[in-house]
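**Student:** Hey, dropping data.pdb in here, PDB, C-alpha atoms:
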```
ATOM      1  CA  MET A 223     213.411 -60.013 -37.645
ATOM      2  CA  ALA A 224     215.058 -61.679 -40.656
ATOM      3  CA  HIS A 225     218.207 -60.176 -42.201
ATOM      4  CA  ILE A 226     218.361 -59.310 -45.913
ATOM      5  CA  GLU A 227     221.412 -60.125 -48.061
ATOM      6  CA  ARG A 228     222.616 -57.803 -50.832
ATOM      7  CA  LYS A 229     220.858 -59.940 -53.448
ATOM      8  CA  GLY A 230     217.580 -59.538 -51.589
ATOM      9  CA  LYS A 231     217.378 -63.045 -50.142
ATOM     10  CA  ARG A 232     216.210 -63.185 -46.555
ATOM     11  CA  LYS A 233     218.161 -65.169 -43.983
ATOM     12  CA  THR A 234     216.465 -66.641 -40.927
ATOM     13  CA  ARG A 235     218.055 -66.428 -37.483
ATOM     14  CA  ASP A 236     218.770 -70.168 -37.587
ATOM     15  CA  GLN A 237     220.638 -69.806 -40.864
ATOM     16  CA  LEU A 238     222.647 -66.893 -39.502
ATOM     17  CA  ALA A 239     223.527 -68.830 -36.348
ATOM     18  CA  LYS A 240     224.784 -71.761 -38.402
ATOM     19  CA  ARG A 241     226.884 -69.445 -40.528
ATOM     20  CA  ARG A 242     228.569 -68.005 -37.415
ATOM     21  CA  VAL A 243     229.751 -71.365 -36.025
ATOM     22  CA  PRO A 244     233.497 -70.927 -35.385
ATOM     23  CA  GLU A 245     235.724 -73.189 -37.440
ATOM     24  CA  LEU A 246     237.218 -76.231 -35.741
ATOM     25  CA  GLY A 247     240.972 -75.792 -35.438
ATOM     26  CA  TYR A 248     243.639 -78.479 -35.310
ATOM     27  CA  TYR A 249     243.899 -80.160 -31.911
ATOM     28  CA  PHE A 250     246.855 -82.134 -30.600
ATOM     29  CA  ILE A 251     245.688 -84.072 -27.528
ATOM     30  CA  VAL A 252     248.225 -85.921 -25.384
ATOM     31  CA  THR A 253     247.579 -88.306 -22.498
ATOM     32  CA  ASP A 254     249.708 -90.707 -20.493
ATOM     33  CA  THR A 255     246.974 -93.323 -20.141
ATOM     34  CA  GLU A 256     246.569 -96.115 -22.683
ATOM     35  CA  GLU A 257     243.076 -97.155 -21.694
ATOM     36  CA  THR A 258     240.403 -94.901 -20.232
ATOM     37  CA  GLU A 259     241.420 -91.419 -21.380
ATOM     38  CA  GLN A 260     242.632 -92.683 -24.734
ATOM     39  CA  ASN A 261     239.411 -94.550 -25.496
ATOM     40  CA  TYR A 262     237.257 -91.638 -24.387
ATOM     41  CA  MET A 263     239.183 -89.229 -26.627
ATOM     42  CA  TYR A 264     238.996 -91.580 -29.598
ATOM     43  CA  GLY A 265     235.248 -91.768 -29.047
ATOM     44  CA  LEU A 266     234.991 -87.978 -28.947
ATOM     45  CA  ARG A 267     236.935 -87.737 -32.204
ATOM     46  CA  ASP A 268     234.826 -90.404 -33.901
ATOM     47  CA  SER A 269     231.602 -88.626 -32.875
ATOM     48  CA  ILE A 270     232.282 -85.624 -35.106
ATOM     49  CA  PRO A 271     231.839 -85.614 -38.903
ATOM     50  CA  ARG A 272     234.349 -87.850 -40.689
ATOM     51  CA  GLU A 273     235.733 -84.974 -42.754
ATOM     52  CA  LEU A 274     236.741 -83.167 -39.526
ATOM     53  CA  GLN A 275     238.200 -86.111 -37.609
ATOM     54  CA  GLY A 276     241.668 -85.517 -39.025
ATOM     55  CA  LYS A 277     241.763 -82.251 -37.079
ATOM     56  CA  LEU A 278     241.973 -84.171 -33.800
ATOM     57  CA  VAL A 279     245.180 -86.098 -33.165
ATOM     58  CA  ILE A 280     245.319 -88.184 -29.983
ATOM     59  CA  LYS A 281     248.713 -89.366 -28.750
ATOM     60  CA  VAL A 282     249.478 -91.650 -25.817
ATOM     61  CA  ILE A 283     252.989 -91.341 -24.434
ATOM     62  CA  LYS A 284     254.604 -93.527 -21.809
ATOM     63  CA  THR A 285     256.211 -91.017 -19.522
ATOM     64  CA  LYS A 286     256.053 -89.673 -16.008
ATOM     65  CA  SER A 287     253.281 -87.155 -15.471
ATOM     66  CA  SER A 288     255.933 -84.559 -14.622
ATOM     67  CA  ASP A 289     257.360 -84.901 -18.151
ATOM     68  CA  LEU A 290     253.977 -84.725 -19.883
ATOM     69  CA  VAL A 291     254.216 -81.009 -20.708
ATOM     70  CA  ASP A 292     257.632 -81.210 -22.363
ATOM     71  CA  GLU A 293     256.723 -84.371 -24.260
ATOM     72  CA  ALA A 294     253.535 -82.750 -25.546
ATOM     73  CA  ARG A 295     255.455 -79.696 -26.757
ATOM     74  CA  ASN A 296     258.058 -81.840 -28.490
ATOM     75  CA  LEU A 297     255.462 -83.949 -30.277
ATOM     76  CA  ALA A 298     253.384 -80.950 -31.289
ATOM     77  CA  SER A 299     256.444 -79.152 -32.690
ATOM     78  CA  VAL A 300     256.704 -81.839 -35.365
ATOM     79  CA  ASN A 301     253.077 -81.241 -36.327
ATOM     80  CA  VAL A 302     253.022 -77.452 -36.551
ATOM     81  CA  GLN A 303     249.500 -77.227 -37.986
ATOM     82  CA  TYR A 304     248.065 -78.443 -34.682
ATOM     83  CA  ARG A 305     247.808 -75.148 -32.822
ATOM     84  CA  GLU A 306     245.506 -76.293 -30.017
ATOM     85  CA  ILE A 307     247.631 -78.419 -27.665
ATOM     86  CA  TRP A 308     245.999 -80.198 -24.738
ATOM     87  CA  ILE A 309     247.197 -82.661 -22.126
ATOM     88  CA  ILE A 310     244.715 -84.951 -20.362
ATOM     89  CA  PHE A 311     245.552 -86.463 -16.985
ATOM     90  CA  ASP A 312     244.215 -87.176 -13.498
ATOM     91  CA  ARG A 313     245.312 -86.166 -10.032
ATOM     92  CA  ASP A 314     245.388 -89.800  -8.886
ATOM     93  CA  LYS A 315     248.699 -90.066  -6.995
ATOM     94  CA  VAL A 316     250.536 -87.298  -8.855
ATOM     95  CA  MET A 317     252.435 -85.368  -6.195
ATOM     96  CA  ASN A 318     253.144 -82.204  -8.245
ATOM     97  CA  PHE A 319     249.688 -82.008  -9.833
ATOM     98  CA  ASP A 320     249.299 -78.229  -9.406
ATOM     99  CA  GLU A 321     252.803 -77.530 -10.689
ATOM    100  CA  ILE A 322     252.328 -79.576 -13.870
ATOM    101  CA  ILE A 323     249.128 -77.684 -14.662
ATOM    102  CA  ARG A 324     250.809 -74.336 -13.994
ATOM    103  CA  GLN A 325     253.764 -75.227 -16.221
ATOM    104  CA  ALA A 326     251.440 -76.291 -19.025
ATOM    105  CA  GLU A 327     249.413 -73.089 -18.879
ATOM    106  CA  ASP A 328     252.578 -70.963 -18.763
ATOM    107  CA  LYS A 329     253.690 -72.640 -22.004
ATOM    108  CA  GLY A 330     250.375 -72.168 -23.763
ATOM    109  CA  ILE A 331     249.179 -75.748 -23.315
ATOM    110  CA  ARG A 332     245.590 -76.330 -22.235
ATOM    111  CA  VAL A 333     244.898 -78.960 -19.577
ATOM    112  CA  GLY A 334     241.971 -81.325 -19.193
ATOM    113  CA  TRP A 335     242.511 -82.490 -15.630
ATOM    114  CA  THR A 336     240.240 -84.364 -13.254
ATOM    115  CA  ASN A 337     240.382 -84.628  -9.486
ATOM    116  CA  PRO A 338     240.549 -87.384  -8.414
ATOM    117  CA  CYS A 339     240.140 -89.387 -11.683
ATOM    118  CA  ILE A 340     238.391 -89.175 -15.056
ATOM    119  CA  GLU A 341     235.550 -91.371 -13.804
ATOM    120  CA  GLU A 342     234.436 -88.287 -11.873
ATOM    121  CA  TRP A 343     233.779 -86.604 -15.225
ATOM    122  CA  PHE A 344     232.052 -89.781 -16.451
ATOM    123  CA  ASN A 345     229.744 -89.586 -13.425
ATOM    124  CA  ALA A 346     228.569 -86.177 -14.620
ATOM    125  CA  TYR A 347     226.980 -87.828 -17.667
ATOM    126  CA  PHE A 348     224.633 -89.551 -15.245
ATOM    127  CA  GLY A 349     223.755 -86.354 -13.397
ATOM    128  CA  ALA A 350     226.036 -86.303 -10.354
ATOM    129  CA  MET A 351     229.624 -85.689  -9.282
ATOM    130  CA  PRO A 352     229.989 -87.417  -5.896
ATOM    131  CA  THR A 353     232.880 -86.477  -3.619
ATOM    132  CA  TYR A 354     235.567 -89.159  -3.761
ATOM    133  CA  GLN A 355     238.948 -88.446  -2.209
ATOM    134  CA  ASP A 356     240.964 -91.031  -4.127
ATOM    135  CA  SER A 357     240.932 -92.610  -7.570
ATOM    136  CA  VAL A 358     240.222 -96.181  -6.404
ATOM    137  CA  THR A 359     237.069 -95.158  -4.527
ATOM    138  CA  CYS A 360     236.039 -92.928  -7.426
ATOM    139  CA  CYS A 361     236.485 -95.671 -10.010
ATOM    140  CA  ASN A 362     234.612 -98.227  -7.892
ATOM    141  CA  GLY A 363     231.795 -95.773  -7.209
ATOM    142  CA  PHE A 364     231.400 -95.007 -10.903
ATOM    143  CA  ALA A 365     231.456 -98.726 -11.731
ATOM    144  CA  GLN A 366     228.457 -99.248  -9.450
ATOM    145  CA  THR A 367     226.593 -96.333 -11.041
ATOM    146  CA  PHE A 368     227.471 -97.536 -14.520
ATOM    147  CA  ARG A 369     226.167-101.046 -13.849
ATOM    148  CA  LYS A 370     222.973 -99.694 -12.261
ATOM    149  CA  ILE A 371     222.190 -97.432 -15.227
ATOM    150  CA  THR A 372     223.455 -99.505 -18.156
ATOM    151  CA  GLY A 373     223.165-103.065 -16.818
ATOM    152  CA  GLN A 374     226.767-103.588 -17.922
ATOM    153  CA  LYS A 375     230.073-104.048 -16.139
ATOM    154  CA  TYR A 376     232.418-101.076 -16.332
ATOM    155  CA  VAL A 377     235.920-101.831 -17.598
ATOM    156  CA  LYS A 378     238.566 -99.139 -17.997
ATOM    157  CA  SER A 379     239.629-100.557 -21.364
ATOM    158  CA  ASP A 380     236.134-100.216 -22.890
ATOM    159  CA  LYS A 381     236.694 -98.809 -26.392
ATOM    160  CA  ASP A 382     233.038 -97.722 -26.593
ATOM    161  CA  ILE A 383     232.966 -95.743 -23.348
ATOM    162  CA  TYR A 384     232.266 -92.399 -25.034
ATOM    163  CA  GLU A 385     229.374 -93.803 -27.043
ATOM    164  CA  LYS A 386     227.897 -95.508 -23.974
ATOM    165  CA  LEU A 387     228.120 -92.385 -21.835
ATOM    166  CA  ASN A 388     226.180 -90.498 -24.492
ATOM    167  CA  ARG A 389     223.699 -93.312 -25.088
ATOM    168  CA  TYR A 390     222.775 -93.742 -21.425
ATOM    169  CA  GLY A 391     223.691 -90.266 -20.148
ATOM    170  CA  ASP A 392     223.455 -86.622 -21.156
ATOM    171  CA  GLU A 393     226.579 -84.797 -22.333
ATOM    172  CA  GLU A 394     225.002 -81.355 -22.409
ATOM    173  CA  GLN A 395     223.858 -81.679 -18.798
ATOM    174  CA  ALA A 396     227.243 -83.152 -17.836
ATOM    175  CA  ILE A 397     228.997 -80.060 -19.155
ATOM    176  CA  LYS A 398     226.637 -77.784 -17.226
ATOM    177  CA  LEU A 399     227.184 -79.775 -14.026
ATOM    178  CA  ALA A 400     230.976 -79.758 -14.420
ATOM    179  CA  ASP A 401     230.907 -76.010 -15.083
ATOM    180  CA  ARG A 402     228.837 -75.466 -11.937
ATOM    181  CA  LYS A 403     231.191 -77.560  -9.788
ATOM    182  CA  TYR A 404     234.238 -75.747 -11.148
ATOM    183  CA  ASN A 405     232.730 -72.326 -10.487
ATOM    184  CA  GLU A 406     231.636 -73.348  -6.987
ATOM    185  CA  HIS A 407     235.231 -74.178  -6.100
ATOM    186  CA  ILE A 408     236.472 -70.848  -7.462
ATOM    187  CA  SER A 409     233.749 -68.986  -5.530
ATOM    188  CA  ASN A 410     234.817 -70.783  -2.349
ATOM    189  CA  GLY A 411     238.422 -69.690  -2.833
ATOM    190  CA  ASN A 412     239.722 -73.099  -3.920
ATOM    191  CA  GLU A 413     241.889 -72.115  -6.872
ATOM    192  CA  LYS A 414     244.459 -74.919  -6.761
ATOM    193  CA  PRO A 415     243.360 -78.036  -8.685
ATOM    194  CA  THR A 416     244.390 -80.235  -5.742
ATOM    195  CA  GLU A 417     241.910 -78.312  -3.579
ATOM    196  CA  MET A 418     239.106 -78.681  -6.128
ATOM    197  CA  CYS A 419     237.553 -82.075  -5.496
ATOM    198  CA  PRO A 420     235.442 -83.270  -7.148
ATOM    199  CA  CYS A 421     236.276 -81.273 -10.250
ATOM    200  CA  THR A 422     237.298 -81.554 -13.880
ATOM    201  CA  THR A 423     238.245 -79.401 -16.849
ATOM    202  CA  VAL A 424     237.954 -82.147 -19.472
ATOM    203  CA  HIS A 425     234.519 -80.736 -20.223
ATOM    204  CA  HIS A 426     236.144 -77.516 -21.440
ATOM    205  CA  LEU A 427     237.716 -79.459 -24.306
ATOM    206  CA  VAL A 428     234.519 -81.371 -25.097
ATOM    207  CA  LYS A 429     232.439 -78.198 -25.007
ATOM    208  CA  GLU A 430     234.885 -76.306 -27.204
ATOM    209  CA  ILE A 431     235.060 -79.015 -29.868
ATOM    210  CA  LYS A 432     231.317 -79.637 -29.962
ATOM    211  CA  SER A 433     230.599 -75.898 -30.219
ATOM    212  CA  LYS A 434     232.601 -75.815 -33.459
ATOM    213  CA  ILE A 435     230.698 -78.614 -35.177
ATOM    214  CA  PRO A 436     228.066 -77.247 -37.595
ATOM    215  CA  THR A 437     224.576 -78.646 -37.084
ATOM    216  CA  VAL A 438     222.526 -79.800 -40.041
TER     217      VAL A 438
END
```
I'd like the structure from this file rewritten - as structure tokens, please.

**Tutor:**
Amino acid sequence: MAHIERKGKRKTRDQLAKRRVPELGYYFIVTDTEETEQNYMYGLRDSIPRELQGKLVIKVIKTKSSDLVDEARNLASVNVQYREIWIIFDRDKVMNFDEIIRQAEDKGIRVGWTNPCIEEWFNAYFGAMPTYQDSVTCCNGFAQTFRKITGQKYVKSDKDIYEKLNRYGDEEQAIKLADRKYNEHISNGNEKPTEMCPCTTVHHLVKEIKSKIPTV
């Protein structure tokens, strides 16, 4: 049933849904990786309307993973309009992975983490999240999948990685798969990120941003 405005004009359900799209806030996204994560995040930013791209700031800082939380807070404090602070990093060989995530959450910083590496999240675009116990095996496994599906060689410094994942894969299905994997771990009692493999929360950021982009 259509709704009627005060002036008598009828609004369809589609029009009402578009009107209720939450506004995109200001995001400050910090990573310690100059290639893969950085390029993916730049691609995500560039995929949204140009007039909104200034709401996503991506910073790469050269620091130890254990200092990532404090560095992110310090950088964000200079840019006070950016209320949504995220850090993006992988388990890889980080010894205090769980502790860094806990510290970030305690300080109001959201975390897009992947266990064992971000290529696990990339795999989800192609419909699967295989179990890899280390980042080298994960990266090599994704490279094989990437070549098989795209006919191209995977390089971690590929500036077009986000566009290619969307061109050859399916982001909506990737988000659903990552959500399912995450919830499976929680249901099985694996609440520590180090115990949740394969798993990612990068999709939470992607899903949140895309849900705030009005559709034409």

**Student:** May I have the protein, DNA and RNA residues with an atom at most 12 Å from (255.2, -77.7, -30.5), counting only C-alpha atoms in the file's coordinates, returned as a ChimeraX atom specification?

**Tutor:** /A:249-252,291-308,329-331

**Student:** Can you pull out the residues contacting Thr258 of chain A? Cut-off 8 Å, using only C-alpha atoms, and skip same-chain residues under 4 positions away; I want them as a PyMOL selection string.

**Tutor:** chain A and resi 262+340+378-380

**Student:** Could you state which residues are captured by the PyMOL selection byres ((chain A and resi 343) around 12) in this file, as an NGL selection string?

**Tutor:** :A and (258-259 or 262 or 311-312 or 334-342 or 344-354 or 360-361 or 364 or 384 or 387 or 391-393 or 395-401 or 403-404 or 419-426 or 428)

**Student:** Considering all atoms listed in the file, can you say which of A:Lys286, A:Lys375, A:Arg272, A:Lys277 comes closest to Ile431 of chain A?

**Tutor:**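 Result for the nearest residue to Ile431 of chain A: A:Lys277.
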
**Student:** Tell me, in Å to one decimal, how far atom CA of Ser409 of chain A is from atom CA of Asp320 of chain A.

**Tutor:**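 A separation of 18.5 Å between them.
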
**Student:** Please enclose the listed atoms of segment 402-417 of chain A in an axis-aligned box, pad each side by 5 Å, and write out the centre and the three edge lengths in Å, rounded to one decimal, as AutoDock Vina command-line options.

**Tutor:**
```
--center_x 236.6 --center_y -74.6 --center_z -7.1 --size_x 25.6 --size_y 21.2 --size_z 19.6
```

**Student:** Interatomic distance between atom CA of Phe368 of chain A and atom CA of Tyr264 of chain A?

**Tutor:**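 It comes out at 19.9 Å.
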
**Student:** Identify which of the residues A:Asp356, A:Ile309, A:Val377, A:Tyr248 lies closest to Val279 of chain A, counting all atoms listed in the file when measuring atom-to-atom distances.

**Tutor:**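 Smallest separation from Val279 of chain A among the options: A:Tyr248.
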
**Student:** Using all atoms listed in the file, which residue out of A:Asn405, A:Leu266, A:Ala326, A:Lys381 lies closest to Leu427 of chain A?

**Tutor:** A:Leu266

**Student:** Between A:Leu274, A:Arg313, A:Glu385, A:Glu245, single out the one closest to Met418 of chain A, counting only C-alpha atoms.

**Tutor:**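 For Met418 of chain A, the nearest of the candidates is A:Arg313.
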
**Student:** Contacts of Asp254 of chain A at 10 Å or less, counting all atoms listed in the file, minus same-chain residues fewer than 6 places along, as a tab-separated table (two decimals) with C-alpha atoms, in the coordinates of the input?

**Tutor:**
```tsv
chain	number	residue	atom	x	y	z
A	260	GLN	CA	242.63	-92.68	-24.73
A	281	LYS	CA	248.71	-89.37	-28.75
A	282	VAL	CA	249.48	-91.65	-25.82
A	283	ILE	CA	252.99	-91.34	-24.43
A	284	LYS	CA	254.60	-93.53	-21.81
A	285	THR	CA	256.21	-91.02	-19.52
A	286	LYS	CA	256.05	-89.67	-16.01
A	287	SER	CA	253.28	-87.16	-15.47
A	289	ASP	CA	257.36	-84.90	-18.15
A	290	LEU	CA	253.98	-84.72	-19.88
A	309	ILE	CA	247.20	-82.66	-22.13
A	310	ILE	CA	244.72	-84.95	-20.36
A	311	PHE	CA	245.55	-86.46	-16.98
A	312	ASP	CA	244.22	-87.18	-13.50
```

**Student:** With distances taken over all atoms listed in the file, which of A:Gln325, A:Ile383, A:Gly247, A:Val358 is nearest to Met263 of chain A?

**Tutor:**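 Closest residue, counting all atoms listed in the file: A:Ile383.
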
**Student:** In Å, with one decimal, what is the gap from atom CA of Pro415 of chain A to atom CA of Phe319 of chain A?

**Tutor:**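 About the pair atom CA of Pro415 of chain A and atom CA of Phe319 of chain A: they are 7.6 Å apart.
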